[in-house]
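Below is one structure, written out as structure tokens, with a few remarks after it.
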Amino acid sequence: MQLDTLLAETENTVEQLFRDRQDPRLLYHNAQHTRDVVSAVITIIGQYKLSEQESFPIIAAAWWHDTGYLFSGPENHEQVSAAKARDFFSGKGVDEATLKVICGCIMATKVPQQPHNLYEQIICDADLF
């Protein structure tokens with residue numbers, strides 16, 4: 001599957017999750033916040049001139065980074081988000097190395113943020129943009 005097609009499917013899936021499961025008590029960690037983080041990731045990626053292949057896991061992680069709130073409490077939402085992303089993307093044939101990058105980016109957003117590489121720095125900055 002082409003990366004742009006997979007990202008479009010990701011967007012549709014995550015948007016549907018927020019429509020189906022949104023808790024009105026989540027005033028910040030909602031679909032709009034997720035769209036804002038994705039937009040900020042794309043803006044920051046543009047500054048680094050990353051390729052589509054390099055950009056994919058960061059954008060993918062941005063879509064999934066707060067979905068754990070829809071399935072659990074705030075304490076461990078990053079782990080749940082990473083697990084949901086892993087399930088989704090492994091079902092789409094995404095390789096293990098890319099899955100690890102996606103999950104690493106999601107886990108890097110845990111407060112206090114502790115990014116270990118450029119990809120994780122980008123999503124952390126975007127999450128606080």
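Residues are referred to by chain and number: the chain letter is A, B, ... according to the order shown in the structure tokens, the number counts from 1 in that chain, and ligands are numbered separately from 1 in the order shown.
When the distance limit is 12 Å and only C-alpha atoms are what count, the residues near Asn12 in chain A, minus those fewer than 5 positions from it on the same chain, are Thr5, Leu6, Leu7, Leu17, Phe18, Arg19, Ala31, Arg35, Ala60, Trp63 and Trp64 of chain A.
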Open item on the list: Set the distance at 12 Å and use only C-alpha atoms: which residues neighbour range 82-86 of chain A once local chain neighbours fewer than 4 positions away are removed? I'd like the list as a ChimeraX atom specification.
Closed with: /A:10-11,13-14,17,57-72,76-78,90-110
Open item on the list: For a test of reading the model, state the distance in Å between CA of Phe129 in chain A and CA of Val111 in chain A, rounded to one decimal.
Closed with: 14.6 Å
TODO: In Å, rounded to a single decimal, give me how far CA of Ser51 in chain A is from CA of Ala126 in chain A.
DONE: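 These two atoms are separated by 18.1 Å.
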